[in-house]
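Q: So here's model-v2.cif, just mmCIF, N, CA and C atoms:
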```
data_protein
#
loop_
_atom_site.label_atom_id
_atom_site.label_comp_id
_atom_site.auth_asym_id
_atom_site.auth_seq_id
_atom_site.Cartn_x
_atom_site.Cartn_y
_atom_site.Cartn_z
N MET A 1 -10.62 -7.68 -36.02
CA MET A 1 -11.77 -8.20 -36.75
C MET A 1 -12.37 -9.36 -35.96
N ALA A 2 -13.65 -9.28 -35.70
CA ALA A 2 -14.34 -10.29 -34.90
C ALA A 2 -14.38 -11.62 -35.63
N MET A 3 -14.23 -12.68 -34.88
CA MET A 3 -14.27 -14.03 -35.43
C MET A 3 -15.60 -14.68 -35.07
N VAL A 4 -15.94 -15.75 -35.79
CA VAL A 4 -17.15 -16.51 -35.49
C VAL A 4 -17.04 -17.04 -34.06
N GLY A 5 -18.09 -16.92 -33.30
CA GLY A 5 -18.08 -17.39 -31.92
C GLY A 5 -17.69 -16.30 -30.93
N ASP A 6 -17.05 -15.24 -31.41
CA ASP A 6 -16.66 -14.16 -30.51
C ASP A 6 -17.88 -13.52 -29.86
N GLN A 7 -18.97 -13.37 -30.62
CA GLN A 7 -20.15 -12.68 -30.09
C GLN A 7 -20.71 -13.41 -28.87
N LYS A 8 -20.70 -14.75 -28.89
CA LYS A 8 -21.18 -15.51 -27.73
C LYS A 8 -20.29 -15.26 -26.52
N CYS A 9 -18.98 -15.21 -26.74
CA CYS A 9 -18.04 -14.93 -25.64
C CYS A 9 -18.28 -13.52 -25.10
N ILE A 10 -18.48 -12.56 -26.00
CA ILE A 10 -18.69 -11.17 -25.58
C ILE A 10 -19.97 -11.07 -24.76
N GLU A 11 -21.02 -11.72 -25.21
CA GLU A 11 -22.29 -11.66 -24.47
C GLU A 11 -22.16 -12.32 -23.10
N ARG A 12 -21.42 -13.41 -23.04
CA ARG A 12 -21.23 -14.08 -21.75
C ARG A 12 -20.43 -13.18 -20.79
N LEU A 13 -19.37 -12.55 -21.31
CA LEU A 13 -18.59 -11.62 -20.51
C LEU A 13 -19.45 -10.45 -20.06
N ARG A 14 -20.25 -9.91 -20.97
CA ARG A 14 -21.13 -8.78 -20.65
C ARG A 14 -22.07 -9.16 -19.50
N LYS A 15 -22.65 -10.34 -19.55
CA LYS A 15 -23.58 -10.80 -18.52
C LYS A 15 -22.86 -10.89 -17.16
N ILE A 16 -21.63 -11.40 -17.15
CA ILE A 16 -20.84 -11.50 -15.92
C ILE A 16 -20.58 -10.11 -15.35
N CYS A 17 -20.15 -9.20 -16.21
CA CYS A 17 -19.80 -7.84 -15.76
C CYS A 17 -21.02 -7.08 -15.27
N MET A 18 -22.11 -7.16 -16.01
CA MET A 18 -23.29 -6.37 -15.68
C MET A 18 -24.03 -6.90 -14.46
N ALA A 19 -23.70 -8.09 -13.99
CA ALA A 19 -24.33 -8.65 -12.78
C ALA A 19 -23.77 -8.01 -11.51
N LEU A 20 -22.68 -7.26 -11.62
CA LEU A 20 -22.06 -6.64 -10.45
C LEU A 20 -22.77 -5.33 -10.09
N PRO A 21 -22.75 -4.93 -8.82
CA PRO A 21 -23.50 -3.75 -8.38
C PRO A 21 -23.10 -2.47 -9.12
N ASP A 22 -24.10 -1.79 -9.67
CA ASP A 22 -23.91 -0.51 -10.37
C ASP A 22 -22.90 -0.59 -11.52
N ALA A 23 -22.68 -1.77 -12.04
CA ALA A 23 -21.78 -1.89 -13.20
C ALA A 23 -22.43 -1.23 -14.40
N ASN A 24 -21.61 -0.61 -15.21
CA ASN A 24 -22.12 -0.02 -16.45
C ASN A 24 -21.09 -0.17 -17.54
N GLU A 25 -21.58 -0.17 -18.75
CA GLU A 25 -20.73 -0.39 -19.92
C GLU A 25 -20.68 0.87 -20.76
N ARG A 26 -19.46 1.24 -21.14
CA ARG A 26 -19.25 2.35 -22.06
C ARG A 26 -18.11 1.97 -22.99
N ALA A 27 -18.11 2.57 -24.16
CA ALA A 27 -17.00 2.34 -25.07
C ALA A 27 -15.79 3.14 -24.59
N SER A 28 -14.64 2.51 -24.60
CA SER A 28 -13.39 3.18 -24.28
C SER A 28 -12.34 2.66 -25.24
N HIS A 29 -11.68 3.53 -25.93
CA HIS A 29 -10.70 3.15 -26.95
C HIS A 29 -11.32 2.22 -27.98
N GLY A 30 -12.60 2.45 -28.29
CA GLY A 30 -13.28 1.70 -29.33
C GLY A 30 -13.74 0.31 -28.92
N GLU A 31 -13.65 -0.03 -27.65
CA GLU A 31 -14.02 -1.37 -27.17
C GLU A 31 -14.97 -1.26 -25.99
N PRO A 32 -15.88 -2.25 -25.82
CA PRO A 32 -16.71 -2.26 -24.62
C PRO A 32 -15.85 -2.34 -23.36
N THR A 33 -16.16 -1.47 -22.40
CA THR A 33 -15.43 -1.41 -21.14
C THR A 33 -16.45 -1.28 -20.03
N TRP A 34 -16.21 -1.99 -18.92
CA TRP A 34 -17.15 -1.99 -17.81
C TRP A 34 -16.55 -1.24 -16.63
N PHE A 35 -17.42 -0.43 -16.00
CA PHE A 35 -17.02 0.44 -14.91
C PHE A 35 -17.79 0.11 -13.64
N ALA A 36 -17.13 0.30 -12.49
CA ALA A 36 -17.75 0.11 -11.18
C ALA A 36 -18.42 1.43 -10.80
N GLY A 37 -19.74 1.51 -11.00
CA GLY A 37 -20.47 2.75 -10.73
C GLY A 37 -19.91 3.88 -11.56
N LYS A 38 -19.65 5.02 -10.91
CA LYS A 38 -19.08 6.18 -11.61
C LYS A 38 -17.56 6.15 -11.53
N GLY A 39 -17.02 5.05 -11.00
CA GLY A 39 -15.59 4.95 -10.76
C GLY A 39 -14.80 4.37 -11.91
N LYS A 40 -13.82 3.59 -11.54
CA LYS A 40 -12.82 3.07 -12.47
C LYS A 40 -13.32 1.86 -13.26
N SER A 41 -12.64 1.59 -14.37
CA SER A 41 -12.98 0.41 -15.16
C SER A 41 -12.42 -0.84 -14.48
N PHE A 42 -13.20 -1.92 -14.59
CA PHE A 42 -12.77 -3.20 -14.02
C PHE A 42 -12.64 -4.28 -15.08
N ALA A 43 -13.04 -3.99 -16.30
CA ALA A 43 -12.91 -4.97 -17.38
C ALA A 43 -12.94 -4.23 -18.71
N SER A 44 -12.05 -4.63 -19.60
CA SER A 44 -11.99 -4.01 -20.91
C SER A 44 -11.84 -5.10 -21.96
N LEU A 45 -12.73 -5.11 -22.92
CA LEU A 45 -12.67 -6.11 -23.98
C LEU A 45 -11.56 -5.77 -24.96
N ASP A 46 -10.86 -6.76 -25.42
CA ASP A 46 -9.90 -6.62 -26.51
C ASP A 46 -10.39 -7.54 -27.62
N ASN A 47 -11.17 -6.96 -28.54
CA ASN A 47 -11.75 -7.73 -29.64
C ASN A 47 -10.82 -7.65 -30.86
N HIS A 48 -9.68 -8.35 -30.74
CA HIS A 48 -8.68 -8.38 -31.81
C HIS A 48 -8.20 -6.97 -32.15
N HIS A 49 -8.17 -6.09 -31.13
CA HIS A 49 -7.77 -4.69 -31.28
C HIS A 49 -6.31 -4.61 -31.75
N HIS A 50 -6.05 -3.75 -32.68
CA HIS A 50 -4.69 -3.57 -33.23
C HIS A 50 -4.09 -4.92 -33.65
N GLY A 51 -4.92 -5.79 -34.21
CA GLY A 51 -4.42 -7.07 -34.73
C GLY A 51 -4.11 -8.12 -33.69
N ALA A 52 -4.63 -7.96 -32.47
CA ALA A 52 -4.39 -8.96 -31.42
C ALA A 52 -4.89 -10.32 -31.91
N GLU A 53 -4.15 -11.35 -31.54
CA GLU A 53 -4.43 -12.70 -32.01
C GLU A 53 -5.73 -13.26 -31.45
N HIS A 54 -6.06 -12.89 -30.21
CA HIS A 54 -7.22 -13.48 -29.54
C HIS A 54 -8.22 -12.44 -29.08
N LEU A 55 -9.45 -12.88 -28.91
CA LEU A 55 -10.45 -12.13 -28.17
C LEU A 55 -10.09 -12.30 -26.70
N SER A 56 -10.01 -11.21 -25.97
CA SER A 56 -9.63 -11.32 -24.56
C SER A 56 -10.28 -10.21 -23.75
N VAL A 57 -10.16 -10.35 -22.45
CA VAL A 57 -10.58 -9.30 -21.53
C VAL A 57 -9.37 -8.93 -20.69
N TRP A 58 -9.23 -7.63 -20.44
CA TRP A 58 -8.14 -7.13 -19.60
C TRP A 58 -8.75 -6.74 -18.26
N LEU A 59 -8.12 -7.19 -17.17
CA LEU A 59 -8.66 -7.00 -15.82
C LEU A 59 -7.59 -6.48 -14.87
N PRO A 60 -7.89 -5.41 -14.10
CA PRO A 60 -6.93 -4.97 -13.09
C PRO A 60 -6.92 -5.98 -11.94
N GLN A 61 -5.74 -6.27 -11.43
CA GLN A 61 -5.62 -7.25 -10.35
C GLN A 61 -4.67 -6.71 -9.28
N PRO A 62 -4.80 -7.23 -8.06
CA PRO A 62 -3.88 -6.82 -6.99
C PRO A 62 -2.43 -7.21 -7.35
N PRO A 63 -1.46 -6.58 -6.72
CA PRO A 63 -0.05 -6.87 -7.01
C PRO A 63 0.26 -8.37 -6.91
N GLY A 64 1.00 -8.86 -7.89
CA GLY A 64 1.44 -10.25 -7.89
C GLY A 64 0.53 -11.22 -8.61
N VAL A 65 -0.75 -10.87 -8.74
CA VAL A 65 -1.71 -11.80 -9.36
C VAL A 65 -1.39 -12.01 -10.84
N GLN A 66 -1.09 -10.92 -11.55
CA GLN A 66 -0.78 -11.02 -12.97
C GLN A 66 0.34 -12.04 -13.22
N GLN A 67 1.44 -11.90 -12.48
CA GLN A 67 2.59 -12.79 -12.66
C GLN A 67 2.23 -14.23 -12.32
N ASP A 68 1.46 -14.43 -11.25
CA ASP A 68 1.06 -15.78 -10.85
C ASP A 68 0.21 -16.45 -11.93
N LEU A 69 -0.74 -15.70 -12.50
CA LEU A 69 -1.62 -16.27 -13.53
C LEU A 69 -0.84 -16.60 -14.79
N ILE A 70 0.05 -15.71 -15.21
CA ILE A 70 0.85 -15.96 -16.41
C ILE A 70 1.74 -17.19 -16.20
N ALA A 71 2.32 -17.33 -15.01
CA ALA A 71 3.16 -18.50 -14.71
C ALA A 71 2.32 -19.77 -14.70
N LEU A 72 1.08 -19.67 -14.24
CA LEU A 72 0.17 -20.82 -14.17
C LEU A 72 -0.21 -21.32 -15.56
N ASP A 73 -0.54 -20.38 -16.48
CA ASP A 73 -0.99 -20.77 -17.81
C ASP A 73 -0.71 -19.66 -18.82
N PRO A 74 0.51 -19.64 -19.39
CA PRO A 74 0.88 -18.57 -20.31
C PRO A 74 0.10 -18.59 -21.63
N ASN A 75 -0.62 -19.67 -21.92
CA ASN A 75 -1.46 -19.69 -23.12
C ASN A 75 -2.81 -19.04 -22.86
N ARG A 76 -3.19 -18.91 -21.61
CA ARG A 76 -4.49 -18.33 -21.23
C ARG A 76 -4.35 -16.89 -20.74
N PHE A 77 -3.25 -16.60 -20.03
CA PHE A 77 -3.07 -15.28 -19.40
C PHE A 77 -1.86 -14.57 -19.99
N PHE A 78 -1.93 -13.24 -20.07
CA PHE A 78 -0.81 -12.46 -20.61
C PHE A 78 -0.82 -11.06 -20.03
N ARG A 79 0.32 -10.40 -20.18
CA ARG A 79 0.47 -9.01 -19.74
C ARG A 79 0.02 -8.13 -20.91
N PRO A 80 -1.12 -7.45 -20.76
CA PRO A 80 -1.62 -6.66 -21.89
C PRO A 80 -0.81 -5.38 -22.11
N PRO A 81 -0.79 -4.91 -23.36
CA PRO A 81 -0.10 -3.65 -23.63
C PRO A 81 -0.79 -2.50 -22.89
N TYR A 82 -0.07 -1.44 -22.68
CA TYR A 82 -0.55 -0.19 -22.06
C TYR A 82 -0.79 -0.32 -20.56
N VAL A 83 -1.58 -1.31 -20.12
CA VAL A 83 -1.98 -1.39 -18.72
C VAL A 83 -1.31 -2.54 -17.96
N GLY A 84 -0.55 -3.36 -18.66
CA GLY A 84 0.12 -4.49 -18.02
C GLY A 84 1.07 -4.06 -16.91
N GLY A 85 1.73 -2.93 -17.10
CA GLY A 85 2.65 -2.43 -16.09
C GLY A 85 1.97 -2.02 -14.80
N ALA A 86 0.65 -1.79 -14.88
CA ALA A 86 -0.13 -1.42 -13.70
C ALA A 86 -0.79 -2.64 -13.05
N GLY A 87 -0.38 -3.84 -13.48
CA GLY A 87 -0.89 -5.06 -12.85
C GLY A 87 -2.09 -5.69 -13.52
N TRP A 88 -2.57 -5.13 -14.62
CA TRP A 88 -3.69 -5.73 -15.32
C TRP A 88 -3.25 -7.05 -15.95
N VAL A 89 -4.20 -7.98 -16.07
CA VAL A 89 -3.91 -9.25 -16.73
C VAL A 89 -4.89 -9.44 -17.88
N GLY A 90 -4.38 -9.96 -18.98
CA GLY A 90 -5.22 -10.31 -20.12
C GLY A 90 -5.64 -11.77 -19.99
N VAL A 91 -6.92 -12.03 -20.28
CA VAL A 91 -7.45 -13.39 -20.22
C VAL A 91 -8.02 -13.73 -21.59
N VAL A 92 -7.46 -14.76 -22.23
CA VAL A 92 -7.92 -15.19 -23.55
C VAL A 92 -9.30 -15.83 -23.41
N LEU A 93 -10.24 -15.38 -24.25
CA LEU A 93 -11.62 -15.86 -24.15
C LEU A 93 -12.06 -16.77 -25.31
N ASP A 94 -11.36 -16.73 -26.43
CA ASP A 94 -11.85 -17.45 -27.60
C ASP A 94 -11.29 -18.87 -27.76
N THR A 95 -10.71 -19.40 -26.69
CA THR A 95 -10.21 -20.78 -26.73
C THR A 95 -10.75 -21.57 -25.55
N LYS A 96 -12.08 -21.53 -25.40
CA LYS A 96 -12.78 -22.30 -24.36
C LYS A 96 -12.23 -22.06 -22.95
N PRO A 97 -12.42 -20.85 -22.44
CA PRO A 97 -11.92 -20.55 -21.10
C PRO A 97 -12.73 -21.26 -20.02
N ASP A 98 -12.18 -21.31 -18.84
CA ASP A 98 -12.90 -21.75 -17.65
C ASP A 98 -13.73 -20.55 -17.22
N TRP A 99 -15.02 -20.55 -17.56
CA TRP A 99 -15.85 -19.38 -17.31
C TRP A 99 -16.04 -19.11 -15.83
N LYS A 100 -15.97 -20.13 -15.00
CA LYS A 100 -16.05 -19.91 -13.54
C LYS A 100 -14.83 -19.09 -13.09
N LEU A 101 -13.66 -19.41 -13.64
CA LEU A 101 -12.45 -18.65 -13.31
C LEU A 101 -12.55 -17.23 -13.86
N VAL A 102 -13.06 -17.08 -15.08
CA VAL A 102 -13.24 -15.73 -15.65
C VAL A 102 -14.15 -14.92 -14.74
N GLU A 103 -15.25 -15.52 -14.30
CA GLU A 103 -16.19 -14.83 -13.42
C GLU A 103 -15.51 -14.42 -12.10
N LYS A 104 -14.70 -15.31 -11.55
CA LYS A 104 -13.98 -15.01 -10.30
C LYS A 104 -12.99 -13.86 -10.51
N LEU A 105 -12.27 -13.87 -11.63
CA LEU A 105 -11.29 -12.82 -11.91
C LEU A 105 -11.97 -11.47 -12.16
N VAL A 106 -13.12 -11.50 -12.84
CA VAL A 106 -13.88 -10.26 -13.06
C VAL A 106 -14.34 -9.70 -11.71
N ARG A 107 -14.83 -10.58 -10.85
CA ARG A 107 -15.28 -10.16 -9.51
C ARG A 107 -14.11 -9.56 -8.72
N GLU A 108 -12.95 -10.21 -8.79
CA GLU A 108 -11.77 -9.69 -8.09
C GLU A 108 -11.34 -8.34 -8.66
N ALA A 109 -11.44 -8.18 -9.98
CA ALA A 109 -11.10 -6.91 -10.61
C ALA A 109 -12.04 -5.81 -10.12
N PHE A 110 -13.33 -6.14 -10.04
CA PHE A 110 -14.33 -5.18 -9.54
C PHE A 110 -13.99 -4.78 -8.11
N LEU A 111 -13.72 -5.76 -7.26
CA LEU A 111 -13.38 -5.47 -5.86
C LEU A 111 -12.10 -4.64 -5.76
N HIS A 112 -11.18 -4.86 -6.69
CA HIS A 112 -9.90 -4.14 -6.68
C HIS A 112 -10.08 -2.64 -6.94
N VAL A 113 -11.06 -2.27 -7.76
CA VAL A 113 -11.21 -0.85 -8.14
C VAL A 113 -12.43 -0.17 -7.53
N ALA A 114 -13.40 -0.93 -7.03
CA ALA A 114 -14.66 -0.35 -6.56
C ALA A 114 -14.47 0.45 -5.28
N GLY A 115 -15.35 1.41 -5.10
CA GLY A 115 -15.38 2.18 -3.86
C GLY A 115 -15.95 1.33 -2.73
N VAL A 116 -15.85 1.84 -1.52
CA VAL A 116 -16.25 1.10 -0.33
C VAL A 116 -17.70 0.63 -0.40
N LYS A 117 -18.62 1.51 -0.79
CA LYS A 117 -20.05 1.14 -0.82
C LYS A 117 -20.33 0.02 -1.81
N LEU A 118 -19.73 0.10 -2.98
CA LEU A 118 -19.94 -0.96 -3.98
C LEU A 118 -19.33 -2.28 -3.52
N LYS A 119 -18.16 -2.22 -2.90
CA LYS A 119 -17.54 -3.43 -2.35
C LYS A 119 -18.47 -4.06 -1.32
N GLN A 120 -19.00 -3.23 -0.42
CA GLN A 120 -19.89 -3.75 0.61
C GLN A 120 -21.14 -4.38 0.01
N ARG A 121 -21.69 -3.77 -1.02
CA ARG A 121 -22.89 -4.32 -1.68
C ARG A 121 -22.59 -5.68 -2.30
N LEU A 122 -21.44 -5.80 -2.93
CA LEU A 122 -21.09 -7.08 -3.56
C LEU A 122 -20.84 -8.14 -2.49
N LEU A 123 -20.10 -7.79 -1.46
CA LEU A 123 -19.75 -8.77 -0.42
C LEU A 123 -20.96 -9.16 0.44
N ALA A 124 -21.99 -8.31 0.47
CA ALA A 124 -23.19 -8.61 1.25
C ALA A 124 -24.10 -9.62 0.55
N ARG A 125 -23.85 -9.89 -0.71
CA ARG A 125 -24.70 -10.81 -1.48
C ARG A 125 -24.54 -12.23 -0.98
#
```
Kindly present the structure from the file in structure tokens form.

A:
Amino acid sequence: MAMVGDQKCIERLRKICMALPDANERASHGEPTWFAGKGKSFASLDNHHHGAEHLSVWLPQPPGVQQDLIALDPNRFFRPPYVGGAGWVGVVLDTKPDWKLVEKLVREAFLHVAGVKLKQRLLAR
């Protein structure tokens, strides 16, 4: 169930995701999910899905990043269900996140899953 203020966080996340080359949004498992072109998803919203305590975004990351982020701030980062074993990290959004860091992590997630051409387009900016 969405909480007050969640919509602003969702819109801010959407703006960050949609600024990436050929990014597109589709519903997946009942939640907004962002894809790199016709390829893989790089961000998935968790809007209190299945009773989750926080509004968060799940992001695929290179090996080791998930563990490092959770060790850095276990109140902000977590291993999400279903995809955590594949290295995805959950980022809590409804407790005043560092939006610059969220933007950096979204960008890294995009680079992690994007094809060569999309990576080149992003890096050429």

Q: Kindly give the distance, in Å, that separates CA of Val89 in chain A and CA of Gln66 in chain A, rounded to a single decimal.

A: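 So the answer is 5.2 Å.
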
Q: Show me, as a Markdown table, the residues of range 14-41 of chain A having an atom within 8 Å of range 46-50 of chain A, each with the closest atom pair and its distance in Å, using only N, CA and C atoms.

A:
```
| residue | atom | partner | partner_atom | distance |
| --- | --- | --- | --- | --- |
| A:Gly30 | C | A:Asn47 | N | 7.7 |
| A:Glu31 | CA | A:Asn47 | N | 6.4 |
| A:Pro32 | N | A:Asp46 | N | 6.8 |
```

Q: Which neighbours of Gly90 in chain A fall inside 7 Å, counting only N, CA and C atoms, when residues of the same chain fewer than 5 positions from it are skipped, and could you give them as a ChimeraX atom specification?

A: /A:56-59,76-80

Q: Could those residues be written to a file, using N, CA and C atoms, as a compact mmCIF listing (two decimals), in the frame of the given file?

A:
```
# COMPACT_ATOMS: atom_id res chain seq x y z
N SER A 56 -10.01 -11.21 -25.97
CA SER A 56 -9.63 -11.32 -24.56
C SER A 56 -10.28 -10.21 -23.75
N VAL A 57 -10.16 -10.35 -22.45
CA VAL A 57 -10.58 -9.30 -21.53
C VAL A 57 -9.37 -8.93 -20.69
N TRP A 58 -9.23 -7.63 -20.44
CA TRP A 58 -8.14 -7.13 -19.60
C TRP A 58 -8.75 -6.74 -18.26
N LEU A 59 -8.12 -7.19 -17.17
CA LEU A 59 -8.66 -7.00 -15.82
C LEU A 59 -7.59 -6.48 -14.87
N ARG A 76 -3.19 -18.91 -21.61
CA ARG A 76 -4.49 -18.33 -21.23
C ARG A 76 -4.35 -16.89 -20.74
N PHE A 77 -3.25 -16.60 -20.03
CA PHE A 77 -3.07 -15.28 -19.40
C PHE A 77 -1.86 -14.57 -19.99
N PHE A 78 -1.93 -13.24 -20.07
CA PHE A 78 -0.81 -12.46 -20.61
C PHE A 78 -0.82 -11.06 -20.03
N ARG A 79 0.32 -10.40 -20.18
CA ARG A 79 0.47 -9.01 -19.74
C ARG A 79 0.02 -8.13 -20.91
N PRO A 80 -1.12 -7.45 -20.76
CA PRO A 80 -1.62 -6.66 -21.89
C PRO A 80 -0.81 -5.38 -22.11
```

Q: Identify the residues around (-5.9, -12.3, -25.0) within a radius of 5 Å, measuring from only N, CA and C atoms in the coordinates stated by the file, and give them as a PyMOL selection string.

A: chain A and resi 54-56+91-92

Q: So how many Å separate atom C of Leu123 in chain A and CA of Val106 in chain A, to one decimal?

A: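 That distance, rounded to one decimal, is 15.3 Å.
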
Q: So how many Å separate CA of Asp22 in chain A and CA of Lys96 in chain A, to one decimal?

A: 28.2 Å

Q: Please provide the set of residues having any atom within 6 Å of range 109-117 of chain A, restricted to only N, CA and C atoms, with same-chain residues fewer than 6 positions apart removed, written as a short mmCIF file (atom, residue, chain, number, x, y, z; two decimals) with N, CA and C atoms, in the coordinates of the input.

A:
```cif
data_model
loop_
_atom_site.label_atom_id
_atom_site.label_comp_id
_atom_site.auth_asym_id
_atom_site.auth_seq_id
_atom_site.Cartn_x
_atom_site.Cartn_y
_atom_site.Cartn_z
N ALA A 36 -17.13 0.30 -12.49
CA ALA A 36 -17.75 0.11 -11.18
C ALA A 36 -18.42 1.43 -10.80
N LYS A 40 -13.82 3.59 -11.54
CA LYS A 40 -12.82 3.07 -12.47
C LYS A 40 -13.32 1.86 -13.26
N PHE A 42 -13.20 -1.92 -14.59
CA PHE A 42 -12.77 -3.20 -14.02
C PHE A 42 -12.64 -4.28 -15.08
N LEU A 59 -8.12 -7.19 -17.17
CA LEU A 59 -8.66 -7.00 -15.82
C LEU A 59 -7.59 -6.48 -14.87
N PRO A 60 -7.89 -5.41 -14.10
CA PRO A 60 -6.93 -4.97 -13.09
C PRO A 60 -6.92 -5.98 -11.94
N GLN A 61 -5.74 -6.27 -11.43
CA GLN A 61 -5.62 -7.25 -10.35
C GLN A 61 -4.67 -6.71 -9.28
#
```

Q: Can you tell me, as a compact mmCIF listing (two decimals) with N, CA and C atoms, in the coordinates of the input, which residues in chain A count as strand (DSSP E) by DSSP?

A:
```
# COMPACT_ATOMS: atom_id res chain seq x y z
N ALA A 23 -22.68 -1.77 -12.04
CA ALA A 23 -21.78 -1.89 -13.20
C ALA A 23 -22.43 -1.23 -14.40
N ASN A 24 -21.61 -0.61 -15.21
CA ASN A 24 -22.12 -0.02 -16.45
C ASN A 24 -21.09 -0.17 -17.54
N GLU A 25 -21.58 -0.17 -18.75
CA GLU A 25 -20.73 -0.39 -19.92
C GLU A 25 -20.68 0.87 -20.76
N ARG A 26 -19.46 1.24 -21.14
CA ARG A 26 -19.25 2.35 -22.06
C ARG A 26 -18.11 1.97 -22.99
N ALA A 27 -18.11 2.57 -24.16
CA ALA A 27 -17.00 2.34 -25.07
C ALA A 27 -15.79 3.14 -24.59
N SER A 28 -14.64 2.51 -24.60
CA SER A 28 -13.39 3.18 -24.28
C SER A 28 -12.34 2.66 -25.24
N GLU A 31 -13.65 -0.03 -27.65
CA GLU A 31 -14.02 -1.37 -27.17
C GLU A 31 -14.97 -1.26 -25.99
N PRO A 32 -15.88 -2.25 -25.82
CA PRO A 32 -16.71 -2.26 -24.62
C PRO A 32 -15.85 -2.34 -23.36
N THR A 33 -16.16 -1.47 -22.40
CA THR A 33 -15.43 -1.41 -21.14
C THR A 33 -16.45 -1.28 -20.03
N TRP A 34 -16.21 -1.99 -18.92
CA TRP A 34 -17.15 -1.99 -17.81
C TRP A 34 -16.55 -1.24 -16.63
N PHE A 35 -17.42 -0.43 -16.00
CA PHE A 35 -17.02 0.44 -14.91
C PHE A 35 -17.79 0.11 -13.64
N ALA A 36 -17.13 0.30 -12.49
CA ALA A 36 -17.75 0.11 -11.18
C ALA A 36 -18.42 1.43 -10.80
N SER A 41 -12.64 1.59 -14.37
CA SER A 41 -12.98 0.41 -15.16
C SER A 41 -12.42 -0.84 -14.48
N PHE A 42 -13.20 -1.92 -14.59
CA PHE A 42 -12.77 -3.20 -14.02
C PHE A 42 -12.64 -4.28 -15.08
N ALA A 43 -13.04 -3.99 -16.30
CA ALA A 43 -12.91 -4.97 -17.38
C ALA A 43 -12.94 -4.23 -18.71
N SER A 44 -12.05 -4.63 -19.60
CA SER A 44 -11.99 -4.01 -20.91
C SER A 44 -11.84 -5.10 -21.96
N LEU A 45 -12.73 -5.11 -22.92
CA LEU A 45 -12.67 -6.11 -23.98
C LEU A 45 -11.56 -5.77 -24.96
N ASP A 46 -10.86 -6.76 -25.42
CA ASP A 46 -9.90 -6.62 -26.51
C ASP A 46 -10.39 -7.54 -27.62
N ASN A 47 -11.17 -6.96 -28.54
CA ASN A 47 -11.75 -7.73 -29.64
C ASN A 47 -10.82 -7.65 -30.86
N LEU A 55 -9.45 -12.88 -28.91
CA LEU A 55 -10.45 -12.13 -28.17
C LEU A 55 -10.09 -12.30 -26.70
N SER A 56 -10.01 -11.21 -25.97
CA SER A 56 -9.63 -11.32 -24.56
C SER A 56 -10.28 -10.21 -23.75
N VAL A 57 -10.16 -10.35 -22.45
CA VAL A 57 -10.58 -9.30 -21.53
C VAL A 57 -9.37 -8.93 -20.69
N TRP A 58 -9.23 -7.63 -20.44
CA TRP A 58 -8.14 -7.13 -19.60
C TRP A 58 -8.75 -6.74 -18.26
N LEU A 59 -8.12 -7.19 -17.17
CA LEU A 59 -8.66 -7.00 -15.82
C LEU A 59 -7.59 -6.48 -14.87
N PHE A 77 -3.25 -16.60 -20.03
CA PHE A 77 -3.07 -15.28 -19.40
C PHE A 77 -1.86 -14.57 -19.99
N PHE A 78 -1.93 -13.24 -20.07
CA PHE A 78 -0.81 -12.46 -20.61
C PHE A 78 -0.82 -11.06 -20.03
N VAL A 89 -4.20 -7.98 -16.07
CA VAL A 89 -3.91 -9.25 -16.73
C VAL A 89 -4.89 -9.44 -17.88
N GLY A 90 -4.38 -9.96 -18.98
CA GLY A 90 -5.22 -10.31 -20.12
C GLY A 90 -5.64 -11.77 -19.99
N VAL A 91 -6.92 -12.03 -20.28
CA VAL A 91 -7.45 -13.39 -20.22
C VAL A 91 -8.02 -13.73 -21.59
N VAL A 92 -7.46 -14.76 -22.23
CA VAL A 92 -7.92 -15.19 -23.55
C VAL A 92 -9.30 -15.83 -23.41
```

Q: Considering all atoms listed in the file, state which residue in the set A:Pro81, A:Glu103, A:Thr33, A:Asp98 is at the smallest distance from Ile16 in chain A.

A: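 Of the candidates, the smallest distance to Ile16 in chain A is held by A:Glu103.
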
Q: Could you pull out all residues of range 54-92 of chain A with a DSSP call of helix (DSSP H, G or I) and give them as a list in words?

A: Val65, Gln66, Gln67, Asp68, Leu69, Ile70, Ala71, Leu72, Gly84, Gly85 and Ala86 of chain A
